[in-house]
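Heads up, query-v3.cif below (mmCIF, C-alpha atoms and all ligand atoms):
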```
data_coords
loop_
_atom_site.label_atom_id
_atom_site.label_comp_id
_atom_site.auth_asym_id
_atom_site.auth_seq_id
_atom_site.Cartn_x
_atom_site.Cartn_y
_atom_site.Cartn_z
CA MET A 1 -76.39 68.13 124.00
CA ARG A 2 -77.25 65.77 121.14
CA VAL A 3 -79.44 67.70 118.72
CA PRO A 4 -81.58 66.15 116.00
CA GLU A 5 -80.48 66.80 112.44
CA HIS A 6 -84.14 67.29 111.52
CA LEU A 7 -86.72 68.55 113.98
CA ALA A 8 -90.39 68.67 113.01
CA ILE A 9 -93.00 70.49 115.10
CA ILE A 10 -96.80 70.44 115.18
CA MET A 11 -97.45 73.89 116.66
CA ASP A 12 -100.77 73.28 118.38
CA GLY A 13 -102.76 75.22 120.95
CA ASN A 14 -102.80 78.83 119.76
CA GLY A 15 -106.60 78.97 119.90
CA ARG A 16 -106.79 77.52 123.42
CA TRP A 17 -104.02 79.87 124.59
CA ALA A 18 -106.17 82.82 123.49
CA GLU A 19 -109.44 81.38 124.80
CA GLN A 20 -107.88 80.84 128.25
CA ARG A 21 -107.23 84.58 128.30
CA GLN A 22 -110.64 85.56 126.87
CA LEU A 23 -108.86 86.87 123.78
CA PRO A 24 -109.88 86.35 120.15
CA ARG A 25 -108.32 83.19 118.64
CA ILE A 26 -106.37 85.17 116.09
CA LEU A 27 -104.38 86.81 118.89
CA GLY A 28 -103.28 83.31 119.85
CA HIS A 29 -101.98 82.87 116.30
CA HIS A 30 -100.12 86.21 116.56
CA HIS A 31 -98.35 84.90 119.65
CA GLY A 32 -97.85 81.61 117.82
CA VAL A 33 -95.96 83.41 115.08
CA GLU A 34 -93.70 85.07 117.68
CA ALA A 35 -93.02 81.64 119.21
CA ALA A 36 -92.20 80.27 115.74
CA LYS A 37 -89.72 83.09 115.05
CA ALA A 38 -87.98 82.50 118.39
CA MET A 39 -87.88 78.74 117.68
CA VAL A 40 -86.27 79.27 114.27
CA GLU A 41 -83.51 81.38 115.87
CA GLU A 42 -82.95 78.96 118.70
CA CYS A 43 -82.80 75.90 116.44
CA ARG A 44 -80.28 77.55 114.17
CA ARG A 45 -78.21 78.58 117.18
CA LEU A 46 -78.22 74.97 118.39
CA GLY A 47 -77.05 73.68 115.00
CA ILE A 48 -80.26 71.93 113.96
CA ARG A 49 -79.95 71.62 110.18
CA PHE A 50 -83.60 71.09 109.24
CA LEU A 51 -86.61 72.56 111.01
CA THR A 52 -90.07 71.74 109.67
CA LEU A 53 -93.10 73.58 111.06
CA TYR A 54 -96.69 72.49 110.48
CA ALA A 55 -98.24 75.92 109.93
CA PHE A 56 -101.46 75.14 108.03
CA SER A 57 -102.99 71.78 107.26
CA SER A 58 -105.13 70.90 104.26
CA GLU A 59 -107.94 70.36 106.80
CA ASN A 60 -107.48 73.89 108.22
CA TRP A 61 -109.20 75.27 105.08
CA GLY A 62 -112.44 74.11 106.75
CA ARG A 63 -112.07 76.60 109.66
CA PRO A 64 -114.33 79.70 109.79
CA ALA A 65 -113.59 81.92 106.79
CA ASP A 66 -112.46 84.89 108.89
CA GLU A 67 -109.93 82.74 110.79
CA VAL A 68 -108.56 81.36 107.49
CA ARG A 69 -108.32 84.89 106.07
CA SER A 70 -106.51 86.18 109.16
CA LEU A 71 -104.12 83.24 109.11
CA MET A 72 -103.26 83.92 105.46
CA GLU A 73 -102.65 87.60 106.25
CA LEU A 74 -100.49 86.61 109.18
CA LEU A 75 -98.52 84.23 107.01
CA ASN A 76 -97.99 86.88 104.35
CA ARG A 77 -96.78 89.37 106.95
CA PHE A 78 -94.52 86.74 108.53
CA LEU A 79 -92.90 86.00 105.15
CA ALA A 80 -92.44 89.66 104.28
CA GLN A 81 -90.98 90.50 107.70
CA GLU A 82 -88.77 87.44 107.96
CA LEU A 83 -86.94 87.72 104.65
CA ASP A 84 -84.17 89.96 106.06
CA SER A 85 -83.84 87.80 109.11
CA LEU A 86 -83.62 84.59 107.05
CA LEU A 87 -80.94 86.17 104.88
CA ALA A 88 -79.02 87.45 107.92
CA GLN A 89 -79.19 83.99 109.54
CA ASN A 90 -78.25 82.13 106.33
CA ILE A 91 -81.50 80.13 106.47
CA ARG A 92 -83.14 78.66 103.40
CA LEU A 93 -86.93 78.61 103.21
CA ARG A 94 -88.75 75.64 101.71
CA VAL A 95 -92.38 74.70 101.60
CA ILE A 96 -94.25 71.41 101.54
CA GLY A 97 -97.93 71.08 100.72
CA ASP A 98 -100.26 71.91 97.88
CA ILE A 99 -99.45 75.60 97.60
CA ARG A 100 -101.63 75.98 94.49
CA GLN A 101 -104.49 76.41 96.95
CA LEU A 102 -102.92 79.41 98.72
CA PRO A 103 -104.09 82.94 97.84
CA SER A 104 -101.94 84.21 94.95
CA GLY A 105 -100.44 87.03 97.05
CA VAL A 106 -99.19 84.57 99.68
CA ARG A 107 -97.91 82.24 96.99
CA SER A 108 -95.90 84.92 95.25
CA THR A 109 -94.37 86.16 98.54
CA LEU A 110 -93.53 82.56 99.34
CA GLU A 111 -91.96 81.90 95.96
CA ALA A 112 -89.94 85.13 96.13
CA THR A 113 -88.68 84.27 99.62
CA MET A 114 -87.72 80.75 98.55
CA ALA A 115 -85.85 82.09 95.54
CA ARG A 116 -84.00 84.76 97.57
CA THR A 117 -82.92 82.26 100.23
CA ALA A 118 -82.25 79.30 97.92
CA HIS A 119 -78.48 79.37 98.43
CA ASN A 120 -78.51 79.80 102.20
CA SER A 121 -76.89 76.88 103.94
CA ASP A 122 -76.94 77.06 107.76
CA MET A 123 -80.44 75.67 108.15
CA VAL A 124 -83.43 74.69 106.02
CA LEU A 125 -86.70 76.02 107.43
CA THR A 126 -89.61 74.16 105.88
CA LEU A 127 -93.15 75.42 106.32
CA ALA A 128 -95.91 72.88 105.82
CA LEU A 129 -98.68 74.93 104.23
CA SER A 130 -101.94 73.58 102.89
CA TYR A 131 -100.23 70.33 103.75
CA GLY A 132 -101.73 66.90 104.31
CA SER A 133 -99.59 63.80 104.23
CA ARG A 134 -102.12 61.58 102.46
CA ASP A 135 -102.48 64.27 99.80
CA GLU A 136 -98.67 64.48 99.48
CA ILE A 137 -98.45 60.68 99.07
CA LEU A 138 -101.25 60.68 96.50
CA ARG A 139 -99.57 63.41 94.47
CA ALA A 140 -96.32 61.42 94.64
CA VAL A 141 -98.03 58.19 93.54
CA ARG A 142 -99.57 60.02 90.59
CA ARG A 143 -96.11 61.20 89.54
CA LEU A 144 -94.79 57.65 89.67
CA ALA A 145 -97.82 56.42 87.72
CA GLU A 146 -97.11 59.06 85.06
CA ALA A 147 -93.52 57.83 84.80
CA VAL A 148 -94.83 54.28 84.39
CA GLY A 149 -97.33 55.48 81.77
CA GLN A 150 -94.52 57.11 79.83
CA GLY A 151 -92.52 53.90 79.96
CA LEU A 152 -89.78 55.51 82.09
CA LEU A 153 -90.28 53.13 85.01
CA GLN A 154 -91.47 49.54 85.44
CA PRO A 155 -93.98 48.93 88.27
CA ASN A 156 -91.80 46.21 89.78
CA GLN A 157 -88.81 48.60 89.87
CA ILE A 158 -90.57 51.02 92.21
CA ASP A 159 -88.86 51.04 95.59
CA GLU A 160 -88.82 53.27 98.69
CA ASP A 161 -86.26 55.61 97.14
CA HIS A 162 -88.50 56.29 94.15
CA LEU A 163 -91.36 57.33 96.39
CA THR A 164 -89.09 59.34 98.68
CA GLN A 165 -87.78 61.26 95.69
CA VAL A 166 -91.21 62.40 94.53
CA LEU A 167 -92.55 63.45 97.94
CA ASP A 168 -92.57 67.18 98.76
CA THR A 169 -89.74 66.48 101.23
CA ALA A 170 -87.41 65.12 98.52
CA GLY A 171 -83.79 65.72 99.45
CA MET A 172 -84.42 66.16 103.18
CA PRO A 173 -83.46 63.61 105.82
CA GLU A 174 -86.37 62.09 107.75
CA PRO A 175 -87.20 63.86 111.02
CA ASP A 176 -85.28 62.55 114.02
CA LEU A 177 -87.67 64.16 116.49
CA LEU A 178 -91.28 65.30 116.26
CA ILE A 179 -92.66 67.65 118.91
CA ARG A 180 -96.38 68.26 119.30
CA THR A 181 -97.55 70.87 121.78
CA SER A 182 -100.86 71.29 123.63
CA GLY A 183 -101.39 67.76 124.90
CA GLU A 184 -102.89 66.21 121.77
CA MET A 185 -101.31 62.85 121.05
CA ARG A 186 -101.91 62.47 117.35
CA ILE A 187 -99.94 62.77 114.12
CA SER A 188 -102.85 64.53 112.35
CA ASN A 189 -101.87 63.66 108.78
CA PHE A 190 -98.34 65.09 109.14
CA LEU A 191 -95.37 63.41 107.38
CA LEU A 192 -96.87 59.91 107.67
CA TRP A 193 -94.23 58.28 105.47
CA GLN A 194 -91.31 60.29 106.83
CA LEU A 195 -92.08 59.73 110.54
CA ALA A 196 -91.68 55.93 110.38
CA TYR A 197 -88.71 55.90 112.80
CA THR A 198 -88.99 59.38 114.29
CA GLU A 199 -88.94 59.84 118.06
CA LEU A 200 -92.21 61.42 119.23
CA TYR A 201 -92.42 63.99 122.03
CA PHE A 202 -95.72 65.31 123.32
CA THR A 203 -96.05 68.17 125.78
CA GLU A 204 -99.02 69.84 127.47
CA VAL A 205 -97.46 73.28 126.88
CA LEU A 206 -99.47 75.38 124.40
CA TRP A 207 -97.53 76.56 121.36
CA PRO A 208 -97.30 80.30 122.26
CA ASP A 209 -95.66 79.25 125.56
CA PHE A 210 -93.19 76.84 123.93
CA GLY A 211 -89.83 78.61 124.08
CA PRO A 212 -86.13 77.75 124.30
CA ALA A 213 -86.46 76.30 127.82
CA GLN A 214 -89.21 73.91 126.71
CA LEU A 215 -87.17 72.98 123.63
CA ARG A 216 -84.17 72.15 125.82
CA GLN A 217 -86.37 69.83 127.89
CA ALA A 218 -87.54 68.04 124.72
CA LEU A 219 -83.95 67.72 123.48
CA ARG A 220 -82.80 66.30 126.82
CA GLU A 221 -85.51 63.66 126.56
CA PHE A 222 -84.51 62.99 122.92
CA GLY A 223 -80.89 62.52 124.07
CA ARG A 224 -82.01 59.75 126.44
CA ARG A 225 -83.87 57.81 123.75
CA GLN A 226 -82.19 54.88 122.07
CA ARG A 227 -83.03 54.75 118.39
CA ARG A 228 -83.04 51.16 117.19
CA PHE A 229 -84.66 51.35 113.74
CA GLY A 230 -86.09 47.86 114.20
CA LEU A 231 -82.80 46.33 115.41
CA THR A 232 -81.93 45.05 118.90
CA ALA A 233 -80.34 47.20 121.60
CA ARG A 234 -77.11 45.18 121.33
CA GLN A 235 -76.93 45.67 117.58
CA VAL A 236 -77.17 49.45 117.80
CA GLN A 237 -74.91 49.77 120.87
CA PRO A 238 -72.55 46.76 120.90
CA ASP A 239 -70.66 47.92 124.07
CA ASN A 240 -73.69 47.42 126.34
C1 LIG B 1 -102.58 75.55 115.98
O1 LIG B 1 -103.38 76.22 116.86
C2 LIG B 1 -101.99 76.33 114.91
C3 LIG B 1 -102.46 76.46 113.60
C4 LIG B 1 -103.72 75.94 113.11
C5 LIG B 1 -101.68 77.10 112.56
C6 LIG B 1 -101.15 78.44 112.78
C7 LIG B 1 -99.77 78.49 113.26
C8 LIG B 1 -99.20 79.65 113.55
C9 LIG B 1 -99.92 80.94 113.37
C10 LIG B 1 -97.83 79.68 114.08
C11 LIG B 1 -96.73 79.82 113.12
C12 LIG B 1 -96.95 80.49 111.86
C13 LIG B 1 -96.01 80.68 110.92
C14 LIG B 1 -96.36 81.45 109.72
C15 LIG B 1 -94.64 80.18 111.03
P1 LIG B 1 -104.93 75.86 116.92
O2 LIG B 1 -105.67 76.99 116.30
O3 LIG B 1 -105.15 74.52 116.32
O4 LIG B 1 -105.15 75.82 118.46
P2 LIG B 1 -106.31 75.05 119.24
O5 LIG B 1 -106.12 73.58 118.95
O6 LIG B 1 -106.06 75.42 120.66
O7 LIG B 1 -107.62 75.58 118.72
#
```

Go through the file and emit its structure as structure tokens.
Ligand code: FPP
Amino acid sequence: MRVPEHLAIIMDGNGRWAEQRQLPRILGHHHGVEAAKAMVEECRRLGIRFLTLYAFSSENWGRPADEVRSLMELLNRFLAQELDSLLAQNIRLRVIGDIRQLPSGVRSTLEATMARTAHNSDMVLTLALSYGSRDEILRAVRRLAEAVGQGLLQPNQIDEDHLTQVLDTAGMPEPDLLIRTSGEMRISNFLLWQLAYTELYFTEVLWPDFGPAQLRQALREFGRRQRRFGLTARQVQPDN
């Protein structure tokens, strides 16, 4: 099976999963974390080199305070519990987003986990936390403007590579496939620059129910897609 080098996932539907069962929303997030752990293992097993999970958007700060607090606790516990597993699986943890906004406890666990796993090389697991793509692009543009202000760069020299290198995702390939669960067909301010040529896959399945079987279905569909990057079918596959 052809697997993407970089898979990005918008893990949506935890709240609805819980509400359908008359459970508190946070229990949906607990099951969402279990689904995320299983997905990390499965992706590594399949040889996917980069997995990026949208875990908390910059807009999610506007949710009820108790849900935000519980999500932060859950995240902290996830990081603490997963360290051994990331080390055992040779997985490097990265983060994208404005992590200055995270509670200091979460930030220090995150930074410690990134440092401990920095040399792992089988897969890069990137968590998007307090992440919004427009915010990421703005922060990147400010960095370029600073370089211009310091005389290190001329405005007319700025090209796509310059911007790519100052985004939070610097050094990562662009996603080949984006999966969004729960039936919503939106990008929701996720990786707007990086998704320019990404294949999009939407499924009705709610995130806690999205397991290896559902991933295989998405990858089969991905395998059938022809990626043309703006060229013609004949140019990308001359034999046809
Ligand atoms: C979407 O469900 C999920 C989130 C807002 C973020 C939380 C994600 C997890 C807890 C899973 C993975 C976590 C880690 C740390 C890897 P929703 O609340 O938007 O669902 P709804 O649209 O049905 O309300």

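In terms of minimum interatomic distance to A:Glu73, A:Thr109 ranks closest within A:Thr203, A:Thr109, A:Asn14, A:Gln154, counting all atoms listed in the file.
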
*Protein and nucleic residues near ligand LIG 1 (chain B), 6 Å, all atoms listed in the file, as a list of chain:residue names*: A:Met11, A:Asp12, A:Gly13, A:Asn14, A:Gly15, A:Arg16, A:His29, A:Gly32, A:Val33, A:Ala36, A:Ala55, A:Phe56, A:Leu75, A:Phe78

_Interatomic distance (Å, one decimal) between atom CA of A:Ala140 and atom CA of A:Ile187_ =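 About the pair atom CA of A:Ala140 and atom CA of A:Ile187: they are 19.9 Å apart.
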
*asked:* Env of A:Leu177: 12 Å cut, atoms = all atoms listed in the file, seq-sep filter 5 positions within chain, self excluded. Answer as a ChimeraX atom specification.
replied: /A:2-10,48,50-52,191,194-202,215,218-223,225,227

Output C-alpha atoms for every residue in the selection just made, as a PDB file, in the coordinates of the input.
```
ATOM      1  CA  ARG A   2     -77.250  65.770 121.140  1.00  0.00           C
ATOM      2  CA  VAL A   3     -79.440  67.700 118.720  1.00  0.00           C
ATOM      3  CA  PRO A   4     -81.580  66.150 116.000  1.00  0.00           C
ATOM      4  CA  GLU A   5     -80.480  66.800 112.440  1.00  0.00           C
ATOM      5  CA  HIS A   6     -84.140  67.290 111.520  1.00  0.00           C
ATOM      6  CA  LEU A   7     -86.720  68.550 113.980  1.00  0.00           C
ATOM      7  CA  ALA A   8     -90.390  68.670 113.010  1.00  0.00           C
ATOM      8  CA  ILE A   9     -93.000  70.490 115.100  1.00  0.00           C
ATOM      9  CA  ILE A  10     -96.800  70.440 115.180  1.00  0.00           C
ATOM     10  CA  ILE A  48     -80.260  71.930 113.960  1.00  0.00           C
ATOM     11  CA  PHE A  50     -83.600  71.090 109.240  1.00  0.00           C
ATOM     12  CA  LEU A  51     -86.610  72.560 111.010  1.00  0.00           C
ATOM     13  CA  THR A  52     -90.070  71.740 109.670  1.00  0.00           C
ATOM     14  CA  LEU A 191     -95.370  63.410 107.380  1.00  0.00           C
ATOM     15  CA  GLN A 194     -91.310  60.290 106.830  1.00  0.00           C
ATOM     16  CA  LEU A 195     -92.080  59.730 110.540  1.00  0.00           C
ATOM     17  CA  ALA A 196     -91.680  55.930 110.380  1.00  0.00           C
ATOM     18  CA  TYR A 197     -88.710  55.900 112.800  1.00  0.00           C
ATOM     19  CA  THR A 198     -88.990  59.380 114.290  1.00  0.00           C
ATOM     20  CA  GLU A 199     -88.940  59.840 118.060  1.00  0.00           C
ATOM     21  CA  LEU A 200     -92.210  61.420 119.230  1.00  0.00           C
ATOM     22  CA  TYR A 201     -92.420  63.990 122.030  1.00  0.00           C
ATOM     23  CA  PHE A 202     -95.720  65.310 123.320  1.00  0.00           C
ATOM     24  CA  LEU A 215     -87.170  72.980 123.630  1.00  0.00           C
ATOM     25  CA  ALA A 218     -87.540  68.040 124.720  1.00  0.00           C
ATOM     26  CA  LEU A 219     -83.950  67.720 123.480  1.00  0.00           C
ATOM     27  CA  ARG A 220     -82.800  66.300 126.820  1.00  0.00           C
ATOM     28  CA  GLU A 221     -85.510  63.660 126.560  1.00  0.00           C
ATOM     29  CA  PHE A 222     -84.510  62.990 122.920  1.00  0.00           C
ATOM     30  CA  GLY A 223     -80.890  62.520 124.070  1.00  0.00           C
ATOM     31  CA  ARG A 225     -83.870  57.810 123.750  1.00  0.00           C
ATOM     32  CA  ARG A 227     -83.030  54.750 118.390  1.00  0.00           C
TER      33      ARG A 227
END
```

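The environment of stretch 81-92 of chain A within 10 Å, counting all atoms listed in the file and disregarding residues fewer than 5 places along the same chain, consists of Lys37, Val40, Glu41, Arg44, Arg45, Arg49, Phe50, Leu75, Asn76, Thr109, Leu110, Ala112, Thr113, Met114, Ala115, Arg116, Thr117, Ala118, His119, Asn120, Ser121, Asp122, Met123, Val124, Leu125 and Thr126 of chain A.
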
*Grab the atom CA of A:Arg134 to atom CA of A:Phe190 distance for me, in Å with one decimal place.*
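Computing it gives 8.4 Å between the two atoms.
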
*Between A:Gln101, A:Leu206, A:Ser57, A:Gln165, which one has atoms that come closest to A:Leu129, using only C-alpha atoms?*
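Selected residue with least distance to A:Leu129: A:Ser57.
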
*Counting only C-alpha atoms, select every polymer residue within 7 Å of (-100.6, 82.5, 124.3) as defined in the file's coordinates, and provide the selection as a ChimeraX atom specification.*
/A:14,17-18,28,31,208-209

*Top pick for closest residue to A:Met72, considering A:Val95, A:Leu46, A:Met172, A:Val106 and counting only C-alpha atoms*: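 Under the stated criterion, the closest residue is A:Val106.
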
_Between A:Asp66, A:Asp176, A:Met1, A:Glu34, which residue has the minimum interatomic distance to A:Gln226, considering all atoms listed in the file?_
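Of A:Asp66, A:Asp176, A:Met1, A:Glu34, the one nearest A:Gln226 is A:Asp176, counting all atoms listed in the file.
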
*For atom CA of A:Ile99 and atom CA of A:Arg77, the interatomic separation in Å (one decimal)*: 16.9 Å

*Excluding same-chain residues fewer than 2 positions from A:Leu138, what lies within 12 Å of it counting all atoms listed in the file, as a PyMOL selection string?*
chain A and resi 97-98+132-136+140-145+163+166-168+193

Could I get stretch 177-200 of chain A from the block written out with N, CA and C atoms, as a CSV table (one decimal), in the first residue's frame?
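To be explicit, this is the file written out as decode-v2.csv:
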```
chain,number,residue,atom,x,y,z
A,177,LEU,N,-1.4,13.9,2.6
A,177,LEU,CA,-2.8,13.5,2.9
A,177,LEU,C,-3.3,14.2,4.2
A,178,LEU,N,-4.5,14.8,4.1
A,178,LEU,CA,-5.2,15.3,5.3
A,178,LEU,C,-6.5,14.6,5.5
A,179,ILE,N,-6.6,14.1,6.7
A,179,ILE,CA,-7.9,13.4,7.1
A,179,ILE,C,-8.6,14.3,8.0
A,180,ARG,N,-9.9,14.4,7.8
A,180,ARG,CA,-10.7,15.1,8.8
A,180,ARG,C,-11.9,14.2,9.2
A,181,THR,N,-12.1,13.9,10.4
A,181,THR,CA,-13.2,13.0,10.8
A,181,THR,C,-14.4,13.8,11.2
A,182,SER,N,-15.5,13.1,11.3
A,182,SER,CA,-16.8,13.6,11.9
A,182,SER,C,-17.7,14.4,10.9
A,183,GLY,N,-17.4,14.3,9.6
A,183,GLY,CA,-18.3,14.8,8.6
A,183,GLY,C,-18.2,16.3,8.3
A,184,GLU,N,-17.3,17.0,9.0
A,184,GLU,CA,-17.2,18.4,8.7
A,184,GLU,C,-16.2,18.6,7.5
A,185,MET,N,-16.6,19.4,6.6
A,185,MET,CA,-15.8,19.5,5.4
A,185,MET,C,-15.1,20.9,5.3
A,186,ARG,N,-14.3,21.1,6.3
A,186,ARG,CA,-13.6,22.4,6.4
A,186,ARG,C,-12.1,22.2,6.7
A,187,ILE,N,-11.3,23.2,6.5
A,187,ILE,CA,-9.9,23.2,6.9
A,187,ILE,C,-9.7,23.8,8.2
A,188,SER,N,-10.6,24.7,8.6
A,188,SER,CA,-10.6,25.2,10.0
A,188,SER,C,-9.2,25.8,10.4
A,189,ASN,N,-8.6,26.6,9.5
A,189,ASN,CA,-7.4,27.3,9.9
A,189,ASN,C,-6.3,26.4,10.3
A,190,PHE,N,-6.2,25.3,9.6
A,190,PHE,CA,-5.1,24.3,9.8
A,190,PHE,C,-4.2,24.3,8.6
A,191,LEU,N,-2.9,24.6,8.8
A,191,LEU,CA,-1.9,24.4,7.8
A,191,LEU,C,-2.3,25.0,6.4
A,192,LEU,N,-2.8,26.2,6.4
A,192,LEU,CA,-3.3,26.8,5.1
A,192,LEU,C,-2.3,26.8,4.0
A,193,TRP,N,-1.1,27.2,4.4
A,193,TRP,CA,0.0,27.3,3.4
A,193,TRP,C,0.5,25.9,2.9
A,194,GLN,N,0.6,25.1,3.9
A,194,GLN,CA,1.2,23.8,3.7
A,194,GLN,C,0.3,22.8,2.9
A,195,LEU,N,-1.0,23.0,3.0
A,195,LEU,CA,-2.0,22.1,2.4
A,195,LEU,C,-2.3,22.4,0.9
A,196,ALA,N,-1.5,23.3,0.3
A,196,ALA,CA,-1.8,23.7,-1.1
A,196,ALA,C,-2.1,22.6,-2.1
A,197,TYR,N,-1.3,21.5,-2.0
A,197,TYR,CA,-1.4,20.4,-2.9
A,197,TYR,C,-1.7,19.1,-2.2
A,198,THR,N,-2.2,19.2,-1.0
A,198,THR,CA,-2.5,18.0,-0.2
A,198,THR,C,-3.8,17.3,-0.7
A,199,GLU,N,-3.8,16.0,-0.7
A,199,GLU,CA,-5.1,15.3,-0.9
A,199,GLU,C,-6.0,15.4,0.3
A,200,LEU,N,-7.2,15.7,0.2
A,200,LEU,CA,-8.1,15.8,1.3
A,200,LEU,C,-9.1,14.6,1.4
```
